[in-house]
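Trainee: What follows is a single structure, and I will ask about it in a moment.
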Amino acid sequence: MMIHEGLANRILLWAITIAGLIVIYAPPLYLLAVSFNPALQPGLPRLSDLSLTWYAALPKERALVGALQQSLIIATVTAVMATGMSLLAALAYFELRAQRTAWFLTVILPMFVPGVIQGLALSAVFTRSGIKASSLTVIAGHLLWAMPFAFIVILTSFAAVRRSYLVAAADLGATRWRQFVDITLPLIRPGLVSAFIFSFLLSLNEFTRAFYLAGRQNTLPVVLFGKMNSGASPVIYAMSGAIFLASVACVALIAIRSIWPGAGKRSPR
Amino acid sequence: MAISIQIDRVSREYGPVKALDDVTLDIRAGEFFTLLGSSGCGKSSLLKLIGGFDRQTSGRVAFDGKDVGNLPANRRPVNTVFQSLALFPHMSVAQNVGYGLRLRGLSGSTLETRISGALDLVELSGFGQRDVNLLSGGQRQRVALARALVMEPGILLLDEPLTGLDERLRQQMRDEFGRLHKRTGATFILVTHNQDEALSLSDRMAVMHRGRIEQVDAPARFFEAPANAFVARFVGIDTLLRPERIVATGNHAEATIAGQTLPVRVEGPADLAASVVAIRPDRLFLAPQGMPPALTLMVVGTTFRGLHRDLKLAFSDGQTLVIAIEADADIGQLSAGQQVSVGLKPDAAVLISSAGLPPA
């Protein structure tokens with residue numbers, strides 16, 4: 001039976017919810033508003049002043065665009081590699097019995113090493129062994145950062161894979177490879193997708209390791225931080241706003257697909 | 001084509017634990033064979049060896065005389081209905097059933113014909129597009145059965161497939177197994193702890209205990225001539241009496257229990273130390289007045305058992321036996337301590353090995 005809370009309780013619940021939403025969404029929305037302000041000083045624009053000046057200036061900001069490109073490339077490569085390696089690590093975990101816990105801890109250990117220390121350590125090792133800082137060194141750093149998370153996400157999805165399914169597949173004639181392709185892979189697909197997105201975002205956001213390891217081309221967070229300190233041009237707000245809008249668009253796309261799951265998926269019977 | 005199975009001196013050890021201890025067994029082609037035993041007796045271990053999901057520590061497993069020790073599960077002509085069913089949750093009913101055939105390279109209309117044929121066989125016609133996760137227990141059971149049968153295996157393994165179903169469904173599926181065995185002609189091997197399933201389906205069955213086979217026989221023989229005291233107890237012959245004297249002539253003997261002598265058929269050693277007298281509860285009756293009684297015993301008590309009543313009687317030395325009598329039989333007032341006369345039908349008492357009985 002539904003229990004009707006009192007009016008006071010309802011008001012309280014709504015107030016907490018709204019306060020929470022404001023705390024989460026007000027800062028990026030403020031940033032977004034600022035990005036439409038043509039004035040040089042950051043502040044909320046008047047409705048009549050709204051303009052796309054800074055967005056129009058965006059492509060001319062070579063440093064920012066280059067940094068964004070660099071960040072996207074690094075994030076994509078990191079996400080692909082972290083997902084692939086975590087899948088292998090998770091498969092190993094699935095097959096291991098006695099040494100499972102040791103393996104698990106070994107893989108997630110880098111998660112607990114502070115970025116400042118790991119970045120410094122990697123940088124020192126790379127310098128000493130004569131490896132030049134480049135996007136590859138950043139990817140190496142980001143891989144260490146993102147892989148433990150991707151591993152845990154994929155491992156969680158392995159809960160859907162029961163050993164009996166694999167035995168049944170073998171019973172029906174499937175080799176180990178076909179068991180993997182036909183049974184394991186489809187069952188853990190949601191985990192793979194999440195791991196990919198997760199590691200992409202972790203890499204895109206990462207500052208500390210990139211700060212130590214980047215070569216001539218810095219990543220976006222490093223460049224944005226630098227611009228902030230050296231008297232920012234409002235273009236960085238436009239850049240932030242654009243990224244925020246792109247994220248919202250992605251989430252909206254996923255939401256739409258989950259509301260109409262038929263769209264674009266399996267053909268109707 | 002049905003395939004015969006030869007199991008020759010097979011053992012499977014897990015460290016110090018012997019799941020199978022020197023098992024030798026021949027299963028004929030096309031037979032419905034049951035491995036019966038309580039949990040931990042090794043019946044599932046034996047099934048795993050036949051399916052190729054495990055390897056024996058020693059001994060030899062052969063199909064039609066050919067050693068299959070090096071043949072992995074995916075290349076054996078064996079299919080299994082697993083206890084957990086293990087239906088693939090991300091596939092429809094038709095995809096589950098057709099999976100093995102797709103691996104063999106079948107596709108298109110050939111594949112679809114075979115799938116719908118298999119679904120017809122288990123009376124699930126038209127269920128092909130259903131989601132396996134939304135089926136009832138009995139339907140899931142049938143999908144698992146169809147998935148194995150569509151492969152037209154020479155050997156079908158049934159690993160406790162009826163455990164977890166309710167009683168009505170259980171009986172329905174049990175009959176289904178019998179029907180499918182006749183239709184397909186394959187060698188069926190059922191693993192179960194349920195005696196009722198084993199007795200009603202099997203051509204022959206094996207009772208297993210502690211990794212060993214205690215007896216292999218047609219179901220009826222387990223009651224006529226249980227191999228030893230363990231098997232007798234297992235199939236429900238609970239009255240096992242220690243005789244004080246045995247006078248044997250050929251395969252007939254007279255056994256004396258607490259001073260009363262009764263005729264017994266000899267199916268084991270006729271030796272005081274190694275024999276017990278097994279008495280079938282359905283071959284005893286309360287002797288009417290005037291008939292010379294075979295035994296005179298003291299009433300201990302009665303137990304209501306639904307379709308019949310158990311009457312427990314004691315010898316003067318304290319050993320007891322149980323008679324099954326009709327629930328509504330007019331036996332008058334029986335009070336504990338009263339003496340009653342008991343008659344024996346032919347073959348009521350059998351002299352068997354006392355192996356498996358704790359020492360008195």
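A note on labels: chains of the structure tokens are A, B, ... as shown, every chain counts residues from 1, and ligands are counted from 1 in their shown order.
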Would you please extract all strand (DSSP E) residues from stretch 122-296 of chain B, as assigned by DSSP on the backbone, and give them as a PyMOL selection string?
Mentor: chain B and resi 155-159+187-192+204-209+212-217+239-241+245-249+252-257+260-266+275-279+284-286+295-296
Trainee: Atoms to include: N, CA and C atoms. Write the selected residues as a short mmCIF file (atom, residue, chain, number, x, y, z; two decimals), in the first residue's frame.
Mentor:
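The result, stored in result_34.cif:
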data_model
loop_
_atom_site.label_atom_id
_atom_site.label_comp_id
_atom_site.auth_asym_id
_atom_site.auth_seq_id
_atom_site.Cartn_x
_atom_site.Cartn_y
_atom_site.Cartn_z
N ILE B 155 24.77 -40.63 -28.00
CA ILE B 155 24.60 -40.80 -26.55
C ILE B 155 24.00 -39.51 -26.01
N LEU B 156 22.92 -39.65 -25.26
CA LEU B 156 22.34 -38.48 -24.60
C LEU B 156 22.52 -38.63 -23.10
N LEU B 157 23.15 -37.63 -22.49
CA LEU B 157 23.35 -37.66 -21.05
C LEU B 157 22.33 -36.76 -20.38
N LEU B 158 21.68 -37.28 -19.36
CA LEU B 158 20.69 -36.50 -18.62
C LEU B 158 21.18 -36.37 -17.18
N ASP B 159 21.65 -35.17 -16.81
CA ASP B 159 22.25 -34.98 -15.49
C ASP B 159 21.21 -34.43 -14.52
N THR B 187 21.44 -43.97 -27.16
CA THR B 187 21.76 -44.46 -25.83
C THR B 187 21.49 -43.32 -24.85
N PHE B 188 20.60 -43.56 -23.90
CA PHE B 188 20.29 -42.53 -22.90
C PHE B 188 20.95 -42.91 -21.59
N ILE B 189 21.63 -41.96 -20.98
CA ILE B 189 22.18 -42.21 -19.65
C ILE B 189 21.65 -41.16 -18.71
N LEU B 190 20.90 -41.63 -17.74
CA LEU B 190 20.28 -40.72 -16.78
C LEU B 190 21.02 -40.81 -15.45
N VAL B 191 21.32 -39.65 -14.89
CA VAL B 191 21.89 -39.62 -13.54
C VAL B 191 20.83 -39.09 -12.62
N THR B 192 20.55 -39.78 -11.55
CA THR B 192 19.51 -39.32 -10.65
C THR B 192 19.70 -39.90 -9.26
N ARG B 204 18.29 -50.85 -17.79
CA ARG B 204 19.14 -51.34 -16.72
C ARG B 204 19.58 -50.16 -15.89
N MET B 205 19.97 -50.42 -14.66
CA MET B 205 20.49 -49.32 -13.86
C MET B 205 21.62 -49.80 -12.98
N ALA B 206 22.42 -48.82 -12.53
CA ALA B 206 23.52 -49.12 -11.63
C ALA B 206 23.32 -48.33 -10.36
N VAL B 207 23.43 -49.02 -9.23
CA VAL B 207 23.38 -48.30 -7.95
C VAL B 207 24.81 -48.04 -7.53
N MET B 208 25.14 -46.77 -7.28
CA MET B 208 26.50 -46.41 -6.91
C MET B 208 26.57 -45.96 -5.47
N HIS B 209 27.74 -46.21 -4.88
CA HIS B 209 27.95 -45.84 -3.49
C HIS B 209 29.44 -45.62 -3.28
N ARG B 212 31.88 -46.44 -6.07
CA ARG B 212 31.87 -47.80 -6.62
C ARG B 212 30.46 -48.16 -7.08
N ILE B 213 30.42 -49.12 -8.00
CA ILE B 213 29.12 -49.61 -8.44
C ILE B 213 28.76 -50.82 -7.59
N GLU B 214 27.63 -50.75 -6.92
CA GLU B 214 27.23 -51.85 -6.03
C GLU B 214 26.50 -52.94 -6.79
N GLN B 215 25.73 -52.54 -7.79
CA GLN B 215 24.98 -53.54 -8.56
C GLN B 215 24.54 -52.95 -9.90
N VAL B 216 24.65 -53.75 -10.96
CA VAL B 216 24.13 -53.36 -12.27
C VAL B 216 23.13 -54.42 -12.68
N ASP B 217 21.89 -54.01 -12.95
CA ASP B 217 20.86 -54.99 -13.26
C ASP B 217 19.64 -54.31 -13.85
N THR B 239 13.93 -54.31 5.96
CA THR B 239 14.02 -55.40 6.92
C THR B 239 15.19 -56.31 6.57
N LEU B 240 16.25 -56.19 7.32
CA LEU B 240 17.43 -57.02 7.13
C LEU B 240 17.72 -57.68 8.47
N LEU B 241 17.61 -59.01 8.49
CA LEU B 241 17.70 -59.74 9.76
C LEU B 241 18.95 -60.59 9.81
N ARG B 245 21.34 -69.22 12.51
CA ARG B 245 21.76 -70.48 11.94
C ARG B 245 21.28 -70.55 10.50
N ILE B 246 22.10 -71.11 9.59
CA ILE B 246 21.69 -71.27 8.20
C ILE B 246 21.97 -72.70 7.79
N VAL B 247 20.94 -73.36 7.23
CA VAL B 247 21.15 -74.70 6.69
C VAL B 247 20.84 -74.61 5.21
N ALA B 248 21.89 -74.65 4.37
CA ALA B 248 21.71 -74.42 2.95
C ALA B 248 21.75 -75.73 2.17
N THR B 249 20.83 -75.86 1.20
CA THR B 249 20.88 -76.94 0.23
C THR B 249 20.65 -76.31 -1.14
N HIS B 252 18.50 -73.00 -2.01
CA HIS B 252 17.49 -72.81 -0.98
C HIS B 252 18.10 -73.07 0.36
N ALA B 253 17.56 -72.42 1.36
CA ALA B 253 18.13 -72.60 2.70
C ALA B 253 17.05 -72.36 3.73
N GLU B 254 17.35 -72.80 4.91
CA GLU B 254 16.49 -72.52 6.05
C GLU B 254 17.30 -71.64 6.98
N ALA B 255 16.76 -70.47 7.28
CA ALA B 255 17.47 -69.58 8.20
C ALA B 255 16.71 -69.52 9.51
N THR B 256 17.44 -69.54 10.58
CA THR B 256 16.80 -69.46 11.89
C THR B 256 17.08 -68.09 12.50
N ILE B 257 15.99 -67.39 12.84
CA ILE B 257 16.12 -66.07 13.44
C ILE B 257 15.39 -66.09 14.77
N GLN B 260 13.10 -68.96 15.38
CA GLN B 260 12.06 -69.31 14.41
C GLN B 260 12.72 -69.55 13.04
N THR B 261 12.32 -70.62 12.38
CA THR B 261 12.96 -70.98 11.13
C THR B 261 12.06 -70.61 9.96
N LEU B 262 12.67 -70.02 8.91
CA LEU B 262 11.90 -69.69 7.72
C LEU B 262 12.71 -70.03 6.47
N PRO B 263 12.01 -70.35 5.36
CA PRO B 263 12.71 -70.69 4.12
C PRO B 263 13.23 -69.41 3.45
N VAL B 264 14.46 -69.47 2.95
CA VAL B 264 15.02 -68.32 2.23
C VAL B 264 15.62 -68.78 0.91
N ARG B 265 15.59 -67.85 -0.08
CA ARG B 265 16.27 -68.09 -1.35
C ARG B 265 17.68 -67.54 -1.21
N VAL B 266 18.67 -68.29 -1.67
CA VAL B 266 20.06 -67.87 -1.48
C VAL B 266 20.52 -67.06 -2.69
N SER B 275 26.21 -62.85 5.90
CA SER B 275 24.89 -62.85 5.27
C SER B 275 23.83 -62.21 6.14
N VAL B 276 22.84 -61.64 5.48
CA VAL B 276 21.64 -61.20 6.20
C VAL B 276 20.42 -61.70 5.43
N VAL B 277 19.31 -61.80 6.13
CA VAL B 277 18.06 -62.19 5.48
C VAL B 277 17.29 -60.90 5.18
N ALA B 278 17.07 -60.65 3.87
CA ALA B 278 16.29 -59.48 3.46
C ALA B 278 14.85 -59.92 3.26
N ILE B 279 13.90 -59.19 3.87
CA ILE B 279 12.50 -59.57 3.74
C ILE B 279 11.73 -58.44 3.09
N LEU B 284 4.78 -60.25 2.84
CA LEU B 284 4.38 -60.75 4.15
C LEU B 284 2.90 -60.47 4.34
N PHE B 285 2.22 -61.31 5.10
CA PHE B 285 0.82 -61.03 5.41
C PHE B 285 0.50 -61.54 6.80
N LEU B 286 -0.57 -61.00 7.35
CA LEU B 286 -1.03 -61.47 8.66
C LEU B 286 -1.78 -62.76 8.42
N LEU B 295 5.69 -67.36 11.11
CA LEU B 295 6.40 -66.68 12.19
C LEU B 295 5.39 -66.18 13.22
N THR B 296 5.78 -66.17 14.43
CA THR B 296 4.95 -65.56 15.47
C THR B 296 5.75 -64.41 16.08
#
Trainee: Only residues of chain B matter here; which ones have an atom within 10 Å of chain A, counting only C-alpha atoms? Give them as a PyMOL selection string.
Mentor: chain B and resi 51-53+72-91+96-104+129+144+147-148+151+153
Trainee: Keeping only C-alpha atoms, write the selected residues to a file as a PDB file, in the first residue's frame.
Mentor:
ATOM      1  CA  GLY B  51      30.722 -36.283 -21.654  1.00  0.00           C
ATOM      2  CA  GLY B  52      34.395 -35.378 -21.836  1.00  0.00           C
ATOM      3  CA  PHE B  53      34.174 -32.554 -19.294  1.00  0.00           C
ATOM      4  CA  PRO B  72      37.572 -33.248 -25.982  1.00  0.00           C
ATOM      5  CA  ALA B  73      33.905 -32.633 -25.151  1.00  0.00           C
ATOM      6  CA  ASN B  74      33.259 -30.585 -28.287  1.00  0.00           C
ATOM      7  CA  ARG B  75      34.257 -33.494 -30.533  1.00  0.00           C
ATOM      8  CA  ARG B  76      32.376 -36.309 -28.789  1.00  0.00           C
ATOM      9  CA  PRO B  77      29.145 -37.701 -30.225  1.00  0.00           C
ATOM     10  CA  VAL B  78      27.533 -36.944 -26.891  1.00  0.00           C
ATOM     11  CA  ASN B  79      25.064 -34.273 -25.890  1.00  0.00           C
ATOM     12  CA  THR B  80      23.926 -33.376 -22.438  1.00  0.00           C
ATOM     13  CA  VAL B  81      20.886 -31.996 -20.680  1.00  0.00           C
ATOM     14  CA  PHE B  82      22.517 -30.264 -17.732  1.00  0.00           C
ATOM     15  CA  GLN B  83      21.096 -30.089 -14.262  1.00  0.00           C
ATOM     16  CA  SER B  84      21.295 -26.301 -14.420  1.00  0.00           C
ATOM     17  CA  LEU B  85      19.965 -26.489 -18.031  1.00  0.00           C
ATOM     18  CA  ALA B  86      22.554 -23.823 -18.977  1.00  0.00           C
ATOM     19  CA  LEU B  87      20.368 -22.264 -21.668  1.00  0.00           C
ATOM     20  CA  PHE B  88      22.163 -19.359 -23.320  1.00  0.00           C
ATOM     21  CA  PRO B  89      20.370 -16.299 -21.906  1.00  0.00           C
ATOM     22  CA  HIS B  90      21.222 -14.005 -24.823  1.00  0.00           C
ATOM     23  CA  MET B  91      19.688 -16.287 -27.430  1.00  0.00           C
ATOM     24  CA  ASN B  96      19.577 -22.003 -28.423  1.00  0.00           C
ATOM     25  CA  VAL B  97      18.300 -25.091 -30.181  1.00  0.00           C
ATOM     26  CA  GLY B  98      20.124 -24.291 -33.418  1.00  0.00           C
ATOM     27  CA  TYR B  99      23.461 -23.366 -31.837  1.00  0.00           C
ATOM     28  CA  GLY B 100      25.111 -26.761 -32.206  1.00  0.00           C
ATOM     29  CA  LEU B 101      23.908 -27.158 -35.782  1.00  0.00           C
ATOM     30  CA  ARG B 102      25.186 -23.692 -36.719  1.00  0.00           C
ATOM     31  CA  LEU B 103      28.584 -24.748 -35.412  1.00  0.00           C
ATOM     32  CA  ARG B 104      28.368 -27.705 -37.770  1.00  0.00           C
ATOM     33  CA  GLN B 129      11.217 -16.640 -31.238  1.00  0.00           C
ATOM     34  CA  ALA B 144      17.392 -27.906 -23.111  1.00  0.00           C
ATOM     35  CA  ARG B 147      18.955 -28.415 -27.921  1.00  0.00           C
ATOM     36  CA  ALA B 148      20.613 -31.742 -27.138  1.00  0.00           C
ATOM     37  CA  MET B 151      22.215 -32.858 -32.616  1.00  0.00           C
ATOM     38  CA  PRO B 153      23.650 -37.649 -30.604  1.00  0.00           C
TER      39      PRO B 153
END
Trainee: Which is closest to B:Arg305 among B:Ala324, B:Leu162, B:Val342, B:Leu25, if we use only C-alpha atoms?
Mentor: B:Ala324
Trainee: Could you list, as a list in words, every residue within 8 Å of A:Trp145, counting only C-alpha atoms and ignoring same-chain residues fewer than 2 positions away?
Mentor: Pro110, Met111, Gly141, His142, Leu143, Met147, Pro148, Phe149, Leu202 and Ser203 of chain A
Trainee: Considering only C-alpha atoms, return as a ChimeraX atom specification whatever protein or nucleic-acid residues lie within 12 Å of A:Phe225, sequence-local ones (same chain, fewer than 6 positions apart) excluded.
Mentor: /A:64,67,205-208,211,218-219,231-232,236,240
